[in-house]
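Enquirer: Have a look at this one before I ask anything.
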Amino acid sequence: LPEKLYAEFKRDPIAGASIAQVFLGKTHAGQKVAIKVQYFDIAKRFKMDKGTCLFLLRVLDWFIPGIPFLNVMPHVFNSLEKELDFITEGRNSELCKNELKDLDFLYVPAVHWKLTSKRILTMDFAEGISLVDADAVKAAGFDTKEIMTKVIRIFSEQIFRTGNIHSDPHPGNLMVRKNQRSGKMEIVVIDNGIYERLPDVYRQAFGSFWHSVIIDDYDEVQRSGKLLGLNYPDMMATLLFFKPYGKMKEMGFGGTHGKRKKTEDM
């Protein structure tokens, strides 16, 4: 029974999602905690849904040949299986916290490992306003521009520097609050169940691609784009920046790109 593991355990969930519910509790040491409990039959349902999905994709592949739907599914299923292991989520939380420790505006709730297993995750309870509730965020006096600047900084650090990327960063997994000691804004990152490791060669190429588009180093855009497996780097640059770039301009979207600069000269 949960009452034996925790000094307090409120049986009415405070949140729920596709694979688990979250309950409020308190440890025997007096720490207020959030307890994430997996649905008892979720693993069984996952296997059934996986089989159904594969069947439908095979049918779709028969009707629309040439599009590799089935090729990406092993990666998708592998990520979902990792999300069902809360020990992995706890490790990802600590990884995020340790790698981004220099960001004083980031808060990742601490994991209580003695109260955590594959299907139960116990973490410090973090109070805050979900970024889903824009009206509440504004009513609390938070600067939305500052929030987005900090959120972009957090995930840019993961994408361009650490290579360990939170792969489910929707507003429901982000909260904002004031630090109780400093009074400054903090961004709370939760639900670290799905992480992807970006190999250094792609991380560096992706960073170079963005930088080269910004400074208009056309040759480096092509080089780094090819490293990323892009057959049409100009098209990707156009999609990322919402304005025609390179050959996309030459094809009638506007004038030619500006003066080329070498990245190494910057």
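Labeling convention for the structure tokens: chains A, B, ... as they appear, residues from 1 per chain, ligands from 1 in order of appearance.
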Using DSSP assignments from the backbone, pull out every residue in segment 121-176 of chain A that falls under strand (DSSP E) and give it to me as a ChimeraX atom specification.
Expert: /A:121-124,129-130,164-166,174-176
Enquirer: Only N, CA, C and O atoms, please: the residues just picked out, written as a PDB file, in the first residue's frame.
Expert:
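Ended up saving to out-v5.pdb:
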ATOM      1  N   LEU A 121       7.489   6.705 -10.333  1.00  0.00           N
ATOM      2  CA  LEU A 121       8.524   7.731 -10.269  1.00  0.00           C
ATOM      3  C   LEU A 121       8.147   8.752  -9.205  1.00  0.00           C
ATOM      4  O   LEU A 121       7.065   9.336  -9.244  1.00  0.00           O
ATOM      5  N   THR A 122       9.036   8.950  -8.248  1.00  0.00           N
ATOM      6  CA  THR A 122       8.798   9.915  -7.182  1.00  0.00           C
ATOM      7  C   THR A 122       9.805  11.048  -7.303  1.00  0.00           C
ATOM      8  O   THR A 122      11.015  10.825  -7.328  1.00  0.00           O
ATOM      9  N   MET A 123       9.290  12.273  -7.405  1.00  0.00           N
ATOM     10  CA  MET A 123      10.141  13.450  -7.546  1.00  0.00           C
ATOM     11  C   MET A 123       9.646  14.560  -6.632  1.00  0.00           C
ATOM     12  O   MET A 123       8.486  14.547  -6.187  1.00  0.00           O
ATOM     13  N   ASP A 124      10.524  15.517  -6.348  1.00  0.00           N
ATOM     14  CA  ASP A 124      10.096  16.691  -5.604  1.00  0.00           C
ATOM     15  C   ASP A 124       8.906  17.329  -6.303  1.00  0.00           C
ATOM     16  O   ASP A 124       8.887  17.436  -7.539  1.00  0.00           O
ATOM     17  N   ILE A 129       3.175  27.502 -12.917  1.00  0.00           N
ATOM     18  CA  ILE A 129       2.072  27.694 -13.851  1.00  0.00           C
ATOM     19  C   ILE A 129       2.439  27.049 -15.172  1.00  0.00           C
ATOM     20  O   ILE A 129       3.481  27.358 -15.762  1.00  0.00           O
ATOM     21  N   SER A 130       1.601  26.148 -15.640  1.00  0.00           N
ATOM     22  CA  SER A 130       1.859  25.487 -16.909  1.00  0.00           C
ATOM     23  C   SER A 130       1.840  26.502 -18.046  1.00  0.00           C
ATOM     24  O   SER A 130       1.004  27.405 -18.077  1.00  0.00           O
ATOM     25  N   ASN A 164      22.053  15.812 -25.835  1.00  0.00           N
ATOM     26  CA  ASN A 164      21.021  14.997 -25.175  1.00  0.00           C
ATOM     27  C   ASN A 164      19.745  15.829 -25.122  1.00  0.00           C
ATOM     28  O   ASN A 164      19.663  16.796 -24.359  1.00  0.00           O
ATOM     29  N   ILE A 165      18.748  15.432 -25.920  1.00  0.00           N
ATOM     30  CA  ILE A 165      17.635  16.334 -26.214  1.00  0.00           C
ATOM     31  C   ILE A 165      16.308  15.809 -25.674  1.00  0.00           C
ATOM     32  O   ILE A 165      15.887  14.691 -25.983  1.00  0.00           O
ATOM     33  N   HIS A 166      15.664  16.640 -24.870  1.00  0.00           N
ATOM     34  CA  HIS A 166      14.289  16.382 -24.428  1.00  0.00           C
ATOM     35  C   HIS A 166      13.408  16.372 -25.674  1.00  0.00           C
ATOM     36  O   HIS A 166      13.301  17.368 -26.383  1.00  0.00           O
ATOM     37  N   LEU A 174       6.246  22.121 -19.424  1.00  0.00           N
ATOM     38  CA  LEU A 174       7.017  23.287 -18.994  1.00  0.00           C
ATOM     39  C   LEU A 174       6.163  24.152 -18.078  1.00  0.00           C
ATOM     40  O   LEU A 174       4.987  24.378 -18.345  1.00  0.00           O
ATOM     41  N   MET A 175       6.774  24.628 -17.005  1.00  0.00           N
ATOM     42  CA  MET A 175       6.080  25.526 -16.086  1.00  0.00           C
ATOM     43  C   MET A 175       6.968  26.730 -15.806  1.00  0.00           C
ATOM     44  O   MET A 175       8.185  26.685 -15.994  1.00  0.00           O
ATOM     45  N   VAL A 176       6.338  27.793 -15.347  1.00  0.00           N
ATOM     46  CA  VAL A 176       7.081  28.983 -14.950  1.00  0.00           C
ATOM     47  C   VAL A 176       6.707  29.328 -13.515  1.00  0.00           C
ATOM     48  O   VAL A 176       5.565  29.128 -13.085  1.00  0.00           O
TER      49      VAL A 176
END
Enquirer: Report as a PyMOL selection string all protein, DNA and RNA residues lying within 10 Å of segment 97-112 of chain A, evaluated on only C-alpha atoms, omitting residues in the same chain fewer than 5 positions from it.
Expert: chain A and resi 27+33-35+87+89-92+121-126+150-151+153-155+157-158+161-162+164+175-179+184-192
Enquirer: I want to know what sits within 9 Å of segment 41-48 of chain A, based on only C-alpha atoms, with residues of the same chain fewer than 5 positions away left out; could you give that as a VMD selection string?
Expert: chain A and resid 18 to 20 53 80 to 81 84
Enquirer: From segment 17-217 of chain A, collect each residue whose DSSP state is helix (DSSP H, G or I) and return the set as number ranges by chain.
Expert: A: 42-63, 69-83, 86-99, 113-115, 134-139, 144-162, 171-173, 200-215
Enquirer: Which residue, A:Gly225, A:Pro233, A:Gly193, A:Pro169, has the smallest gap to Ile152 of chain A when you use only C-alpha atoms?
Expert: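 Of A:Gly225, A:Pro233, A:Gly193, A:Pro169, the one nearest Ile152 of chain A is A:Pro169, counting only C-alpha atoms.
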Enquirer: Which residues are near Gly16 of chain A? Cut-off 12 Å, only C-alpha atoms, ignore same chain within fewer than 6 positions. Put them as a PyMOL selection string.
Expert: chain A and resi 22-23+35-39+172+191
Enquirer: Find, counting only C-alpha atoms, the residue in A:Lys226, A:Tyr6, A:Thr144, A:Phe77 that gets nearest to His28 of chain A.
Expert: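 Answer, going by the shortest atom-to-atom distance: A:Tyr6.
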Enquirer: When you look at segment 201-204 of chain A with a cut-off of 9 Å (counting only C-alpha atoms), what residues show up, excluding the ones that are within fewer than 5 positions of it in the same chain? I need them as a list in words.
Expert: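 So the residues in contact are Ile159, Phe160, Arg161, Thr162, Gly163, Phe209, Ser224, Leu227 and Leu228 of chain A.
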Enquirer: Which is closest to Phe40 of chain A among A:Gln21, A:Asn78, A:Gln180, A:Ser208, if we use only C-alpha atoms?
Expert: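 Looking at the shortest contact to Phe40 of chain A, the residue is A:Gln21.
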Enquirer: Have a look at atom CA of Asp49 of chain A and atom CA of Asn173 of chain A and let me know their distance in Å, one decimal.
Expert: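 Going from atom CA of Asp49 of chain A over to atom CA of Asn173 of chain A covers 24.3 Å.
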Enquirer: Considering only C-alpha atoms, state which residue in the set A:Leu95, A:Ala205, A:Leu24, A:Leu198 is at the smallest distance from Gly229 of chain A.
Expert: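 Result for the nearest residue to Gly229 of chain A: A:Ala205.
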